[in-house]
$ cat final.txt   # compact mmCIF, C-alpha atoms
# COMPACT_ATOMS: atom_id res chain seq x y z
CA MET S 1 26.93 -11.38 -21.18
CA GLU S 2 23.78 -12.69 -19.49
CA ALA S 3 20.43 -12.85 -21.30
CA VAL S 4 18.92 -10.14 -19.07
CA GLU S 5 21.74 -7.74 -19.92
CA PHE S 6 21.43 -8.55 -23.63
CA TRP S 7 17.70 -7.81 -23.76
CA ASP S 8 18.08 -4.70 -21.60
CA LYS S 9 20.49 -3.35 -24.22
CA VAL S 10 18.01 -4.22 -26.97
CA LYS S 11 15.18 -2.45 -25.15
CA ILE S 12 17.31 0.68 -24.65
CA LEU S 13 18.23 0.71 -28.34
CA MET S 14 14.59 0.28 -29.41
CA ASN S 15 13.52 3.05 -27.04
CA ASP S 16 16.23 5.36 -28.43
CA ARG S 17 15.01 4.76 -31.97
CA GLY S 18 11.32 4.94 -31.12
CA VAL S 19 10.65 1.43 -32.48
CA LYS S 20 8.90 -1.63 -31.06
CA GLN S 21 9.19 -5.38 -31.22
CA ASP S 22 7.33 -5.65 -34.54
CA TRP S 23 10.11 -3.52 -36.11
CA LEU S 24 12.75 -5.84 -34.68
CA SER S 25 10.78 -8.84 -35.96
CA GLU S 26 10.71 -7.39 -39.47
CA LYS S 27 14.43 -6.57 -39.37
CA THR S 28 15.57 -9.95 -38.06
CA GLY S 29 12.97 -12.40 -39.39
CA MET S 30 12.22 -13.54 -35.84
CA ALA S 31 8.59 -14.04 -34.86
CA VAL S 32 7.26 -11.28 -32.59
CA GLN S 33 5.99 -13.82 -30.07
CA SER S 34 9.40 -15.50 -30.00
CA ILE S 35 11.03 -12.17 -29.15
CA ARG S 36 8.47 -11.49 -26.42
CA ASN S 37 8.85 -14.94 -24.91
CA GLN S 38 12.65 -14.77 -24.86
CA ILE S 39 12.54 -11.38 -23.14
CA HIS S 40 9.98 -12.55 -20.60
CA ASN S 41 11.67 -15.89 -19.92
CA LYS S 42 15.18 -14.36 -19.91
CA HIS S 43 16.42 -16.67 -22.67
CA PHE S 44 19.42 -15.81 -24.83
CA PRO S 45 18.64 -16.00 -28.57
CA SER S 46 20.51 -18.33 -30.90
CA PHE S 47 23.81 -17.16 -32.36
CA SER S 48 22.25 -16.33 -35.74
CA ASP S 49 19.36 -14.44 -34.12
CA THR S 50 21.79 -12.60 -31.85
CA MET S 51 23.85 -11.36 -34.78
CA ALA S 52 20.69 -10.45 -36.72
CA ILE S 53 19.53 -8.32 -33.79
CA VAL S 54 22.89 -6.57 -33.51
CA LYS S 55 22.91 -5.96 -37.27
CA ALA S 56 19.40 -4.48 -37.09
CA PHE S 57 20.83 -1.63 -35.04
CA ASP S 58 23.74 -1.13 -37.49
CA MET S 59 26.26 -2.15 -34.85
CA THR S 60 29.13 -4.59 -34.60
CA TRP S 61 29.18 -7.07 -31.75
CA GLU S 62 31.99 -5.08 -30.13
CA GLU S 63 29.90 -1.88 -30.26
CA PHE S 64 26.85 -3.69 -28.90
CA GLU S 65 28.85 -5.32 -26.12
CA THR S 66 30.14 -1.98 -24.81
CA PHE S 67 26.82 -0.17 -25.25
CA PRO S 68 25.62 1.90 -23.41
CA GLU S 69 28.76 2.56 -21.35
CA LYS S 70 30.50 4.51 -24.08
CA LYS S 71 27.49 6.16 -25.69
CA GLN S 72 25.18 6.66 -22.71
CA ALA S 73 27.29 6.36 -19.61
CA LYS S 74 24.76 8.38 -17.60
CA THR S 75 21.70 6.39 -18.63
CA PRO S 76 19.97 5.14 -15.47
CA ASP S 77 18.87 1.55 -15.11
CA LEU S 78 15.53 0.94 -16.75
CA LEU S 79 12.73 -1.03 -15.16
CA THR S 80 10.64 -2.95 -17.68
CA ILE S 81 7.36 -4.66 -16.88
CA PRO S 82 5.67 -7.36 -18.99
CA VAL S 83 2.37 -6.33 -20.57
CA VAL S 84 0.03 -9.33 -20.55
CA ASP S 85 -2.85 -10.02 -22.90
CA LEU S 86 -5.56 -9.09 -20.40
CA ARG S 87 -8.25 -6.43 -20.54
CA PHE S 88 -9.35 -4.82 -17.28
CA SER S 89 -12.66 -3.11 -17.76
CA ALA S 90 -13.42 0.47 -16.92
CA GLY S 91 -16.99 -0.36 -17.88
CA LYS S 92 -19.00 -3.61 -18.01
CA GLY S 93 -16.29 -6.07 -16.99
CA ASN S 94 -13.94 -8.41 -18.84
CA PHE S 95 -13.30 -12.08 -18.20
CA VAL S 96 -9.84 -12.66 -16.72
CA PRO S 97 -8.29 -16.09 -17.51
CA ASP S 98 -5.89 -17.90 -15.21
CA TYR S 99 -3.04 -17.47 -17.72
CA ALA S 100 -2.23 -14.78 -20.28
CA ASP S 101 0.55 -14.38 -22.83
CA VAL S 102 3.08 -11.58 -22.59
CA VAL S 103 2.45 -9.32 -25.59
CA ASP S 104 4.85 -6.44 -24.92
CA HIS S 105 6.96 -4.71 -22.30
CA ILE S 106 6.61 -1.22 -20.86
CA ILE S 107 9.33 0.97 -19.36
CA VAL S 108 8.22 2.43 -16.02
CA PRO S 109 9.78 4.92 -13.57
CA ASN S 110 12.58 3.66 -11.35
CA SER S 111 10.47 4.67 -8.35
CA LEU S 112 8.53 1.45 -8.91
CA ARG S 113 11.62 -0.69 -8.36
CA GLN S 114 10.49 -1.30 -4.76
CA TYR S 115 7.71 -3.46 -6.26
CA GLU S 116 9.98 -5.26 -8.76
CA GLY S 117 8.96 -8.84 -9.35
CA ARG S 118 5.41 -8.14 -8.18
CA LEU S 119 4.21 -5.92 -11.02
CA THR S 120 2.09 -6.69 -14.06
CA ALA S 121 0.86 -4.42 -16.83
CA ALA S 122 -2.43 -4.85 -18.69
CA PHE S 123 -4.78 -2.95 -20.96
CA VAL S 124 -7.90 -1.03 -19.96
CA THR S 125 -11.14 -0.98 -21.92
CA GLY S 126 -14.10 1.32 -21.37
CA ASP S 127 -14.73 4.80 -20.00
CA SER S 128 -15.83 4.33 -16.38
CA MET S 129 -12.49 5.66 -15.01
CA VAL S 130 -12.38 8.72 -17.26
CA PRO S 131 -10.82 11.27 -16.83
CA THR S 132 -8.20 9.46 -14.71
CA ILE S 133 -7.76 6.38 -16.91
CA ALA S 134 -8.99 6.20 -20.49
CA ASP S 135 -9.90 3.42 -22.90
CA LYS S 136 -6.80 1.59 -24.24
CA ASP S 137 -4.53 2.95 -21.49
CA ILE S 138 -2.08 0.57 -19.81
CA ILE S 139 -2.16 0.07 -16.04
CA VAL S 140 0.70 -1.30 -13.95
CA PHE S 141 -0.43 -2.96 -10.74
CA ASP S 142 1.12 -5.02 -7.97
CA ASN S 143 -0.12 -8.43 -6.84
CA ASP S 144 -0.25 -7.56 -3.15
CA GLY S 145 -4.04 -7.43 -2.85
CA TYR S 146 -5.83 -4.73 -0.88
CA ASP S 147 -3.44 -2.75 1.33
CA GLY S 148 -6.19 -1.12 3.40
CA THR S 149 -5.81 2.32 1.86
CA ASP S 150 -7.89 4.20 -0.68
CA GLY S 151 -6.71 4.17 -4.26
CA ILE S 152 -7.17 2.64 -7.70
CA TYR S 153 -7.00 -1.15 -7.83
CA ALA S 154 -7.23 -4.03 -10.28
CA ILE S 155 -10.05 -6.23 -9.00
CA LEU S 156 -12.05 -9.32 -9.84
CA TYR S 157 -15.78 -8.69 -9.43
CA LYS S 158 -18.33 -11.40 -10.16
CA GLY S 159 -15.90 -13.23 -12.42
CA SER S 160 -14.75 -10.22 -14.46
CA GLY S 161 -11.74 -7.96 -14.27
CA TYR S 162 -12.14 -4.27 -13.47
CA VAL S 163 -10.03 -1.28 -12.62
CA LYS S 164 -11.81 0.77 -9.95
CA ARG S 165 -11.22 3.20 -7.13
CA LEU S 166 -11.69 1.61 -3.68
CA HIS S 167 -12.78 3.66 -0.66
CA LEU S 168 -13.06 2.25 2.84
CA ILE S 169 -16.39 3.11 4.56
CA ALA S 170 -18.20 1.91 7.67
CA GLU S 171 -20.29 -0.56 5.64
CA GLY S 172 -17.25 -2.08 3.94
CA VAL S 173 -15.50 -1.12 0.71
CA GLU S 174 -17.02 1.26 -1.82
CA ILE S 175 -16.15 0.40 -5.44
CA ILE S 176 -16.11 3.69 -7.34
CA SER S 177 -15.87 4.75 -10.98
CA ASP S 178 -14.29 8.16 -11.60
CA ASN S 179 -16.84 8.68 -14.38
CA GLN S 180 -19.90 9.86 -12.45
CA PHE S 181 -22.20 8.22 -15.01
CA TYR S 182 -21.48 4.91 -13.24
CA LYS S 183 -22.95 4.29 -9.80
CA PRO S 184 -20.71 3.02 -6.96
CA MET S 185 -21.04 -0.51 -5.55
CA ILE S 186 -20.45 -1.67 -1.98
CA GLU S 187 -19.00 -4.93 -0.68
CA LYS S 188 -18.66 -5.73 3.02
CA ASN S 189 -15.35 -7.50 2.46
CA GLU S 190 -13.53 -9.71 -0.01
CA ASN S 191 -15.47 -12.84 -0.96
CA GLU S 192 -16.02 -15.23 -3.87
CA ASP S 193 -17.53 -12.40 -5.95
CA PHE S 194 -15.07 -9.69 -4.99
CA ARG S 195 -11.30 -10.05 -4.84
CA VAL S 196 -8.61 -7.38 -5.01
CA ILE S 197 -5.63 -8.30 -7.18
CA GLY S 198 -3.48 -5.30 -6.36
CA LYS S 199 -3.04 -1.56 -6.36
CA VAL S 200 -2.44 0.39 -9.57
CA ARG S 201 1.01 1.95 -9.18
CA TYR S 202 1.35 3.57 -12.59
CA HIS S 203 -0.58 4.02 -15.81
CA ALA S 204 0.35 5.12 -19.31
CA HIS S 205 -2.02 7.01 -21.54
CA ASN S 206 -2.59 5.74 -25.06
CA VAL S 207 -1.46 8.35 -27.60
$ encode --input "final.txt" --output "structure tokens"
Amino acid sequence: MEAVEFWDKVKILMNDRGVKQDWLSEKTGMAVQSIRNQIHNKHFPSFSDTMAIVKAFDMTWEEFETFPEKKQAKTPDLLTIPVVDLRFSAGKGNFVPDYADVVDHIIVPNSLRQYEGRLTAAFVTGDSMVPTIADKDIIVFDNDGYDGTDGIYAILYKGSGYVKRLHLIAEGVEIISDNQFYKPMIEKNENEDFRVIGKVRYHAHNV
């Protein structure tokens, strides 16, 4: 069994039980960050950690190895995206570093598989995109830049990260907040102060 298959099984089992990585950490004694890094880097855990994980789900290795074929033969493939420790502002702007740790993973619809390998998930802070996107929601965006069409994008603006709606106009690109309290901004084109990271393809509301 490859590491990717192993962690996919773990993620399915956690999703079935409605638990997260902190639960698995408590059950196995593994550090949460170690679990996240091994998932993200596609590393197989040590033998003792592997057996502790299997035991956490009250399964034998044989049961785990054949899961989900026997128990969930019709379960479709799941697409999981790393959630990085970044905050994209729907408000006053948040600094975006060059590197961010993976803090979780999110399961997204299979329709996003066409962007696989080019997707990142991050948190949103602020209310400027309400009612479309709320504070503490998670956005999933590609890294393809501006595709020339209107939509919601993750952008860098004057050194800070934002999530905004972009609309092409004669003067350039209008940067719009869905919350009408915030006034739109206009940029003629991408420059040192304005860069489009990618289009938001999916978002999950915080509940």
$ axis_aligned_box --input "final.txt" --around "range 148-161 of chain S" --padding-each-side "8 Å" --output "AutoDock Vina command-line options"
--center_x -12.1 --center_y -4.5 --center_z -5.5 --size_x 28.5 --size_y 33.4 --size_z 33.9
$ closest_residue --input "final.txt" --among "S:Asp135, S:Asp147, S:Glu171, S:Asp16" --to "Phe57 in chain S" --atoms "all atoms listed in the file"
S:Asp16
$ residues_around --input "final.txt" --residues "Phe47 in chain S" --least-positions-apart "6" --cutoff "12 Å" --atoms "only C-alpha atoms" --output "PDB file with C-alpha atoms, in the frame of the given file"
ATOM      1  CA  ILE S  53      19.530  -8.320 -33.790  1.00  0.00           C
ATOM      2  CA  VAL S  54      22.890  -6.570 -33.510  1.00  0.00           C
ATOM      3  CA  TRP S  61      29.180  -7.070 -31.750  1.00  0.00           C
TER       4      TRP S  61
END
$ atom_distance --input "final.txt" --atom1 "CA of Ser128 in chain S" --atom2 "CA of Thr149 in chain S"
20.9 Å
$ closest_residue --input "final.txt" --among "S:Leu112, S:Ala56, S:Val124, S:Ala170" --to "Met30 in chain S" --atoms "all atoms listed in the file"
S:Ala56
$ atom_distance --input "final.txt" --atom1 "CA of Phe64 in chain S" --atom2 "CA of Ala52 in chain S"
12.0 Å
$ residues_around --input "final.txt" --residues "Val102 in chain S" --least-positions-apart "2" --cutoff "12 Å" --atoms "all atoms listed in the file" --output "PyMOL selection string"
chain S and resi 32-41+81-86+99-100+104-106+120-123
$ atom_distance --input "final.txt" --atom1 "CA of Pro68 in chain S" --atom2 "CA of Ser111 in chain S"
21.5 Å
$ closest_atom_pairs --input "final.txt" --of "range 43-160 of chain S" --to "range 191-199 of chain S" --cutoff "12 Å" --atoms "all atoms listed in the file" --output "CSV"
residue,atom,partner,partner_atom,distance
S:Phe88,CA,S:Ile197,CA,11.3
S:Val96,CA,S:Ile197,CA,11.3
S:Tyr115,CA,S:Lys199,CA,10.9
S:Arg118,CA,S:Gly198,CA,9.5
S:Leu119,CA,S:Gly198,CA,9.0
S:Thr120,CA,S:Gly198,CA,9.6
S:Ala121,CA,S:Gly198,CA,11.4
S:Ile139,CA,S:Lys199,CA,9.9
S:Val140,CA,S:Lys199,CA,8.5
S:Phe141,CA,S:Lys199,CA,5.3
S:Asp142,CA,S:Gly198,CA,4.9
S:Asn143,CA,S:Gly198,CA,4.6
S:Asp144,CA,S:Gly198,CA,5.1
S:Gly145,CA,S:Gly198,CA,4.1
S:Tyr146,CA,S:Val196,CA,5.6
S:Asp147,CA,S:Lys199,CA,7.8
S:Gly148,CA,S:Lys199,CA,10.3
S:Thr149,CA,S:Lys199,CA,9.5
S:Asp150,CA,S:Lys199,CA,9.4
S:Gly151,CA,S:Lys199,CA,7.1
S:Ile152,CA,S:Lys199,CA,6.0
S:Tyr153,CA,S:Lys199,CA,4.2
S:Ala154,CA,S:Ile197,CA,5.5
S:Ile155,CA,S:Val196,CA,4.4
S:Leu156,CA,S:Arg195,CA,5.1
S:Tyr157,CA,S:Phe194,CA,4.6
S:Lys158,CA,S:Asp193,CA,4.4
S:Gly159,CA,S:Asp193,CA,6.7
S:Ser160,CA,S:Asp193,CA,9.2
$ closest_residue --input "final.txt" --among "S:Glu190, S:Glu65, S:Glu2, S:Glu26" --to "Val173 in chain S" --atoms "all atoms listed in the file"
S:Glu190
$ closest_residue --input "final.txt" --among "S:Thr60, S:Asn110, S:Asn189, S:Asn179" --to "Ala134 in chain S" --atoms "all atoms listed in the file"
S:Asn179
$ residues_around --input "final.txt" --residues "Thr80 in chain S" --least-positions-apart "5" --cutoff "9 Å" --atoms "all atoms listed in the file" --output "list in words"
Asp8, Lys11, His105, Ile106, Ile107, Val108 and Pro109 of chain S
$ write_last_selection --input "final.txt" --atoms "C-alpha atoms" --output "compact mmCIF listing (two decimals), in the coordinates of the input"
# COMPACT_ATOMS: atom_id res chain seq x y z
CA ASP S 8 18.08 -4.70 -21.60
CA LYS S 11 15.18 -2.45 -25.15
CA HIS S 105 6.96 -4.71 -22.30
CA ILE S 106 6.61 -1.22 -20.86
CA ILE S 107 9.33 0.97 -19.36
CA VAL S 108 8.22 2.43 -16.02
CA PRO S 109 9.78 4.92 -13.57
$ build_atoms --input "final.txt" --residues "range 37-64 of chain S" --atoms "N, CA and C atoms" --output "tab-separated table (two decimals), keeping the file's coordinate frame"
chain	number	residue	atom	x	y	z
S	37	ASN	N	8.65	-13.83	-25.83
S	37	ASN	CA	8.85	-14.94	-24.91
S	37	ASN	C	10.29	-15.00	-24.40
S	38	GLN	N	11.25	-14.73	-25.29
S	38	GLN	CA	12.65	-14.77	-24.86
S	38	GLN	C	12.96	-13.65	-23.88
S	39	ILE	N	12.35	-12.48	-24.09
S	39	ILE	CA	12.54	-11.38	-23.14
S	39	ILE	C	11.93	-11.76	-21.79
S	40	HIS	N	10.70	-12.24	-21.83
S	40	HIS	CA	9.98	-12.55	-20.60
S	40	HIS	C	10.64	-13.70	-19.83
S	41	ASN	N	11.09	-14.72	-20.56
S	41	ASN	CA	11.67	-15.89	-19.92
S	41	ASN	C	13.18	-15.78	-19.70
S	42	LYS	N	13.74	-14.62	-20.10
S	42	LYS	CA	15.18	-14.36	-19.91
S	42	LYS	C	16.03	-15.41	-20.61
S	43	HIS	N	15.67	-15.71	-21.86
S	43	HIS	CA	16.42	-16.67	-22.67
S	43	HIS	C	17.29	-15.92	-23.67
S	44	PHE	N	18.51	-16.40	-23.84
S	44	PHE	CA	19.42	-15.81	-24.83
S	44	PHE	C	19.04	-16.35	-26.21
S	45	PRO	N	18.97	-15.50	-27.23
S	45	PRO	CA	18.64	-16.00	-28.57
S	45	PRO	C	19.78	-16.84	-29.15
S	46	SER	N	19.47	-17.54	-30.23
S	46	SER	CA	20.51	-18.33	-30.90
S	46	SER	C	21.58	-17.39	-31.46
S	47	PHE	N	22.71	-17.98	-31.84
S	47	PHE	CA	23.81	-17.16	-32.36
S	47	PHE	C	23.37	-16.36	-33.59
S	48	SER	N	22.67	-17.02	-34.52
S	48	SER	CA	22.25	-16.33	-35.74
S	48	SER	C	21.25	-15.22	-35.43
S	49	ASP	N	20.33	-15.47	-34.49
S	49	ASP	CA	19.36	-14.44	-34.12
S	49	ASP	C	20.05	-13.30	-33.38
S	50	THR	N	21.04	-13.63	-32.56
S	50	THR	CA	21.79	-12.60	-31.85
S	50	THR	C	22.47	-11.65	-32.83
S	51	MET	N	23.14	-12.20	-33.82
S	51	MET	CA	23.85	-11.36	-34.78
S	51	MET	C	22.87	-10.57	-35.65
S	52	ALA	N	21.70	-11.16	-35.94
S	52	ALA	CA	20.69	-10.45	-36.72
S	52	ALA	C	20.16	-9.25	-35.94
S	53	ILE	N	20.00	-9.42	-34.63
S	53	ILE	CA	19.53	-8.32	-33.79
S	53	ILE	C	20.56	-7.20	-33.75
S	54	VAL	N	21.81	-7.58	-33.55
S	54	VAL	CA	22.89	-6.57	-33.51
S	54	VAL	C	22.96	-5.83	-34.84
S	55	LYS	N	22.86	-6.57	-35.94
S	55	LYS	CA	22.91	-5.96	-37.27
S	55	LYS	C	21.74	-5.02	-37.50
S	56	ALA	N	20.59	-5.33	-36.93
S	56	ALA	CA	19.40	-4.48	-37.09
S	56	ALA	C	19.64	-3.07	-36.59
S	57	PHE	N	20.53	-2.95	-35.60
S	57	PHE	CA	20.83	-1.63	-35.04
S	57	PHE	C	22.10	-1.02	-35.66
S	58	ASP	N	22.55	-1.63	-36.78
S	58	ASP	CA	23.74	-1.13	-37.49
S	58	ASP	C	24.96	-1.06	-36.57
S	59	MET	N	25.14	-2.11	-35.79
S	59	MET	CA	26.26	-2.15	-34.85
S	59	MET	C	27.06	-3.42	-35.07
S	60	THR	N	28.33	-3.37	-34.69
S	60	THR	CA	29.13	-4.59	-34.60
S	60	THR	C	28.91	-5.20	-33.22
S	61	TRP	N	29.33	-6.46	-33.06
S	61	TRP	CA	29.18	-7.07	-31.75
S	61	TRP	C	29.97	-6.31	-30.69
S	62	GLU	N	31.16	-5.82	-31.07
S	62	GLU	CA	31.99	-5.08	-30.13
S	62	GLU	C	31.28	-3.80	-29.68
S	63	GLU	N	30.63	-3.10	-30.62
S	63	GLU	CA	29.90	-1.88	-30.26
S	63	GLU	C	28.71	-2.21	-29.36
S	64	PHE	N	28.01	-3.29	-29.70
S	64	PHE	CA	26.85	-3.69	-28.90
S	64	PHE	C	27.28	-4.09	-27.49
